[in-house]
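J.: I have a structure I would like to understand better, so I am pasting it below and will then ask my questions one at a time.
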Amino acid sequence: MAQQAGKRRGGFTLIEMMIVIVVIAILIGVLLPQFRGTQDEASIQRARSELRTLATALESYYIHNSNAFPSALSSLNTATPRIITTTPDDPFRSGSNDYGYYVSGNSSYYVVFSYGPNRAAEITAIGNTGALTGTVTDDICVTNGTPAGTSTC
C-alpha cells in the first residue's frame, strides 16, 4: 500500500479538466447575453443624445436657410453659419454609418432616425402632413411631425 501511494503523481485528471471547461462554458453562456444587452442600452442612449443634437442643428438650419430643411444631413457640416463640424454616426450601423434622414415633399417636416438594435430601418418616409411612413418598432427617432393619431417616435 505504501508503494501505491508513492507512485501517485499530483495533477488533474481528464475528467476534472472537462468539468472545469464545462463550468466555464456555462458561465460564458449566461454572462454574454447580459453583456450584449448592456452594449445595446449604451448605444440607445448615445443615439438618443446625438439625435437631439441633430434635431437642434436641423432647426437652426431651417431658421438660417429660408425656412427649408437640408436635403441631406451632411449639409449641416457646410452650412453658413456653421452648425456642426461632423455628422455623428449611427451606433447600430456598420459601413455607411449615417443616421437615416427624410424630409417631407413640402420641406416642412423631417425625421432623423437610428436603425436601432435590430439594425434595420422600419421608417421609410415622412409625408407632407408630418406623418411617418412605415413602422416604428425599435427605430430611435426625432421629428417635428407626427400629428395626433399617427405613428410617433
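Residues are named by chain letter and number: chains run A, B, ... in the order of the C-alpha cells, numbers start at 1 in each chain, and ligands are numbered from 1 in the order shown.
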I want to know what sits within 10 Å of range 61-73 of chain A, based on only C-alpha atoms, with residues of the same chain fewer than 4 positions away left out; could you give that as a list in words?
T.: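 Once the nearby chain positions are removed, what remains is Leu54, Ala55, Thr56, Ala57, Asn77, Ala79, Thr80, Pro81, Arg82, Ile83, Thr86, Thr87, Pro88, Asp98, Tyr99, Gly100, Tyr101, Tyr102, Val103, Ser104, Asn106, Ser107, Ser108, Tyr109, Tyr110 and Val112 of chain A.
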J.: Set the distance at 8 Å and use only C-alpha atoms: which residues neighbour range 29-40 of chain A once local chain neighbours fewer than 4 positions away are removed? I'd like the list as a PyMOL selection string.
T.: chain A and resi 25+44+117
J.: For those residues, write all heavy atoms to a file as a compact mmCIF listing (two decimals), in the first residue's frame.
T.:
# COMPACT_ATOMS: atom_id res chain seq x y z
N ALA A 25 -17.68 27.29 -19.72
CA ALA A 25 -18.55 27.49 -20.88
C ALA A 25 -19.96 27.90 -20.46
O ALA A 25 -20.58 28.77 -21.08
CB ALA A 25 -18.60 26.22 -21.73
N ILE A 44 -28.24 52.83 -27.43
CA ILE A 44 -29.54 53.51 -27.50
C ILE A 44 -29.43 54.90 -26.88
O ILE A 44 -29.91 55.89 -27.46
CB ILE A 44 -30.63 52.67 -26.79
CG1 ILE A 44 -30.97 51.43 -27.62
CG2 ILE A 44 -31.88 53.50 -26.52
CD1 ILE A 44 -31.81 50.41 -26.90
N PRO A 117 -31.56 48.53 -32.35
CA PRO A 117 -30.88 47.27 -32.05
C PRO A 117 -31.05 46.17 -33.10
O PRO A 117 -30.18 45.32 -33.25
CB PRO A 117 -31.49 46.84 -30.72
CG PRO A 117 -31.91 48.11 -30.08
CD PRO A 117 -32.35 48.99 -31.21
J.: Just checking: using only C-alpha atoms, which residue out of A:Thr135, A:Asn128, A:Asn144, A:Asn97 ends up closest to Val111 in chain A?
T.: A:Asn144
J.: Please measure the separation of CA of Leu132 in chain A and CA of Ile84 in chain A, giving the value in Å to one decimal.
T.: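 So the two atoms, CA of Leu132 in chain A and CA of Ile84 in chain A, lie 25.9 Å apart.
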J.: Which parts of chain A does DSSP call strand (DSSP E) when run on the backbone here, written out as a PyMOL selection string?
T.: chain A and resi 100-103+110-114+123-126+132-134+140-143
J.: Can you tell me, as a ChimeraX atom specification, which residues in range 28-124 of chain A count as alpha helix (DSSP H) by DSSP?
T.: /A:28-64
J.: Give me a file of those residues, with C-alpha atoms, as a short mmCIF file (atom, residue, chain, number, x, y, z; two decimals), in the first residue's frame.
T.:
data_model
loop_
_atom_site.label_atom_id
_atom_site.label_comp_id
_atom_site.auth_asym_id
_atom_site.auth_seq_id
_atom_site.Cartn_x
_atom_site.Cartn_y
_atom_site.Cartn_z
CA ILE A 28 -19.80 32.47 -20.53
CA GLY A 29 -23.14 31.39 -21.97
CA VAL A 30 -25.00 33.05 -19.10
CA LEU A 31 -22.99 36.29 -18.99
CA LEU A 32 -22.57 37.01 -22.71
CA PRO A 33 -26.24 37.89 -23.45
CA GLN A 34 -26.31 40.23 -20.44
CA PHE A 35 -23.20 41.99 -21.71
CA ARG A 36 -24.77 42.37 -25.18
CA GLY A 37 -27.88 43.93 -23.62
CA THR A 38 -25.70 46.43 -21.77
CA GLN A 39 -23.93 47.39 -25.00
CA ASP A 40 -27.25 47.90 -26.79
CA GLU A 41 -28.57 50.08 -23.95
CA ALA A 42 -25.47 52.27 -24.11
CA SER A 43 -25.85 52.57 -27.90
CA ILE A 44 -29.54 53.51 -27.50
CA GLN A 45 -28.64 56.31 -25.08
CA ARG A 46 -25.87 57.54 -27.39
CA ALA A 47 -28.25 57.55 -30.37
CA ARG A 48 -30.92 59.49 -28.43
CA SER A 49 -28.40 62.11 -27.39
CA GLU A 50 -26.96 62.52 -30.89
CA LEU A 51 -30.44 62.68 -32.43
CA ARG A 52 -31.39 65.54 -30.09
CA THR A 53 -28.24 67.37 -31.23
CA LEU A 54 -29.11 66.76 -34.89
CA ALA A 55 -32.69 67.98 -34.32
CA THR A 56 -31.35 71.21 -32.84
CA ALA A 57 -28.95 71.58 -35.78
CA LEU A 58 -31.80 71.00 -38.27
CA GLU A 59 -33.98 73.63 -36.59
CA SER A 60 -31.08 76.09 -36.71
CA TYR A 61 -30.51 75.31 -40.39
CA TYR A 62 -34.21 75.88 -41.07
CA ILE A 63 -34.11 79.31 -39.44
CA HIS A 64 -30.96 80.41 -41.29
#
J.: For a test of reading the model, state the distance in Å between CA of Gly134 in chain A and CA of Ser94 in chain A, rounded to one decimal.
T.: 22.2 Å
J.: Nearest to Gly105 in chain A among A:Gly127, A:Ile15, A:Asp139, A:Ser75, with distances taken over only C-alpha atoms: which residue is it?
T.: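 Closest to Gly105 in chain A, using only C-alpha atoms: A:Gly127.
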J.: With distances taken over only C-alpha atoms, which of A:Asn118, A:Ala131, A:Asp138, A:Leu14 is nearest to Thr152 in chain A?
T.: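 Result for the nearest residue to Thr152 in chain A: A:Ala131.
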